[in-house]
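First up is the structure itself, then whatever we jot down about it.
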Amino acid sequence: SAKDAGRLASVWVLHKAQEALVELSMRYGIKLNLFHGRGGSVGRGGGPQYLATLSQPAGSVQGWMRVTVQGEVIDRFFGLPSIASHTMERYTVSVLRATLAPPEPPSQESRALMETLAERSCQVYRSIVFDTPAFVDLFRAITPEQELKALNIGSRPSKRSVGGIEALRAIPWIFAWTQSRLQLPVWLGVGTAIKEHIAAGNIDKLQGMYREWPFFRSTVELLEVVLAKTSRRIARYYEDVLLASPSEEVDAVRKKVWQELDDFEEAIQQVTGHVCLLEEAHSQSSRVAILNRTPLVDPLNVLQAAIMSRLRGETDPAEIPALSDAFVVTVQGVAAGMGWTG
């Protein structure tokens, strides 16, 4: 999963698994109908449906597609008759196009490059998230993971068992980073992997993959959306309020995380050739929506950080209920502004 291996590795493994299923179904004459989960955060398989459908392996869409839409975004896509009609038009057109004009398979060179990108990004991701003990302390300090765990807002427990990151379910993992606006699970490790290939002289190959391979283009464009929703200013504010005196180990991993974000932003802009984020014509609606929502969400994040600080230091039990209620309001507001929970 993306929580275990990072975004780039998880989407590539899923892509290869679909290719294998297509090959098997054709070999034995089996009708293949893959079941896709859509909606919600990019880290949980969300993103534009039209682009996602066109980026599926050739042969995996044969005039039909089965989809489940996460409950948090059903209203956004089917809440009104006109919106529902538009959504179904996009599904229909994308399925028809993917069936009648499936994408050309990538070259072996592109596949090999994607394989090394996935492996390297996974190595970096796991070295920080699972192999650096201080990362857990950083995660719990600068995100509302502990406060969210105490709320009755999920359908399942936030953890499968007692433990660290490995025991945490994927939804609260994504949700906590979304609330603090850092979006770390989606981009961690990607920047290092891409920049190493750029340093090795593969920038032309990467840009060619972005232009010609729908799967790679879709992956990069979704990463670009996440980058546009990431707020350095708000994430640093959470650090200032909630991480006043970090240990040397926590401070070291904090600096490493920020360096990874710098590398990620630089790498994405080099691959796309964009001067600013989401400058493609088909991305303008997303860009405008993010720009319009950000000023409304920022004050909620400021309030949330202050409430978290109060909750963590409050010694009067009588104050806890009011603070918890206020915290829930900020959580709902930030989730609505970001357009997803987990």
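Simple scheme: letters A, B, ... for chains in structure tokens order, numbers from 1 for residues in each chain, numbers from 1 for ligands in the order shown.
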
Nearby residues (only C-alpha atoms) at most 9 Å from Phe130 (chain A), same-chain spacing under 2 positions excluded, as an MDAnalysis selection string: chainID A and resid 4 125:128 132:133 135:136 164:166

Residues near region 53-62 of chain A, cut-off 6 Å, only C-alpha atoms, skip fewer than 2 positions along chain, as a PyMOL selection string: chain A and resi 22+50-51+64+98-99+102-103+214-215

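Distance check against Met209 (chain A) using only C-alpha atoms: of A:Glu319, A:Glu104, A:Glu147, A:Glu260, the minimum falls on A:Glu104.
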
Option closest in space to Leu242 (chain A), from A:Leu227, A:Ile142, A:Leu184, A:Ala289 [counting only C-alpha atoms]: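 Under the stated criterion, the closest residue is A:Ile142.
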
Show me a table, sorted first by chain and then by increasing residue number, of the residues of region 194-304 of chain A having an atom at most 12 Å from region 325-332 of chain A, each with its shortest atom pair and the distance in Å to one decimal, counting only C-alpha atoms and written as JSON lines.
{"residue": "A:Leu296", "atom": "CA", "partner": "A:Thr330", "partner_atom": "CA", "distance": 11.5}
{"residue": "A:Val297", "atom": "CA", "partner": "A:Thr330", "partner_atom": "CA", "distance": 9.0}
{"residue": "A:Asp298", "atom": "CA", "partner": "A:Thr330", "partner_atom": "CA", "distance": 10.4}
{"residue": "A:Pro299", "atom": "CA", "partner": "A:Thr330", "partner_atom": "CA", "distance": 9.3}
{"residue": "A:Leu300", "atom": "CA", "partner": "A:Thr330", "partner_atom": "CA", "distance": 5.5}
{"residue": "A:Asn301", "atom": "CA", "partner": "A:Thr330", "partner_atom": "CA", "distance": 7.1}
{"residue": "A:Val302", "atom": "CA", "partner": "A:Thr330", "partner_atom": "CA", "distance": 9.3}
{"residue": "A:Leu303", "atom": "CA", "partner": "A:Thr330", "partner_atom": "CA", "distance": 7.2}
{"residue": "A:Gln304", "atom": "CA", "partner": "A:Thr330", "partner_atom": "CA", "distance": 5.8}

Same residues, C-alpha atoms, saved as a PDB file, in the first residue's frame:
ATOM      1  CA  LEU A 296     -10.508  30.318   4.122  1.00  0.00           C
ATOM      2  CA  VAL A 297      -8.686  27.258   5.464  1.00  0.00           C
ATOM      3  CA  ASP A 298      -5.564  28.980   6.845  1.00  0.00           C
ATOM      4  CA  PRO A 299      -7.337  30.598   9.844  1.00  0.00           C
ATOM      5  CA  LEU A 300      -8.840  27.218  10.764  1.00  0.00           C
ATOM      6  CA  ASN A 301      -5.358  25.692  10.825  1.00  0.00           C
ATOM      7  CA  VAL A 302      -4.106  28.500  13.060  1.00  0.00           C
ATOM      8  CA  LEU A 303      -6.998  27.860  15.443  1.00  0.00           C
ATOM      9  CA  GLN A 304      -6.435  24.120  15.329  1.00  0.00           C
TER      10      GLN A 304
END

DSSP-assigned alpha helix (DSSP H) among region 148-254 of chain A, expressed as an MDAnalysis selection string: chainID A and resid 148:149 170:179 184:187 190:199 203:212 214:229 232:242 248:254

Nearest-residue call for Ala306 (chain A), choices A:Gly201, A:Pro144, A:Gly208, A:Pro172, using only C-alpha atoms: A:Pro144

Closest of A:Leu34, A:Met114, A:Val275, A:Ala267 to Ile198 (chain A) - atom-to-atom distances counting only C-alpha atoms: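 The closest residue to Ile198 (chain A) is A:Ala267.
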
Among the residues A:Ala199, A:Pro48, A:Tyr237, A:Asp75, the one that comes closest to Ser286 (chain A) [using only C-alpha atoms]: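 The shortest atom-to-atom distance to Ser286 (chain A) comes from A:Pro48.
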
Near-Ser121 (chain A) list (12 Å; only C-alpha atoms; drop same-chain fewer than 3 positions) as number ranges by chain: A: 2, 4-12, 114-118, 124-128, 185-197, 260, 264

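Remark: for Glu239 (chain A), the closest of the candidate residues A:Gln123, A:Ser180, A:Ser324, A:Thr315 is A:Ser180 (distances computed over only C-alpha atoms).
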
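What separates CA of Ser94 (chain A) from CA of Gln49 (chain A) is a distance of 8.2 Å.
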
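CA of Glu23 (chain A) sits 19.6 Å away from CA of Ser110 (chain A).
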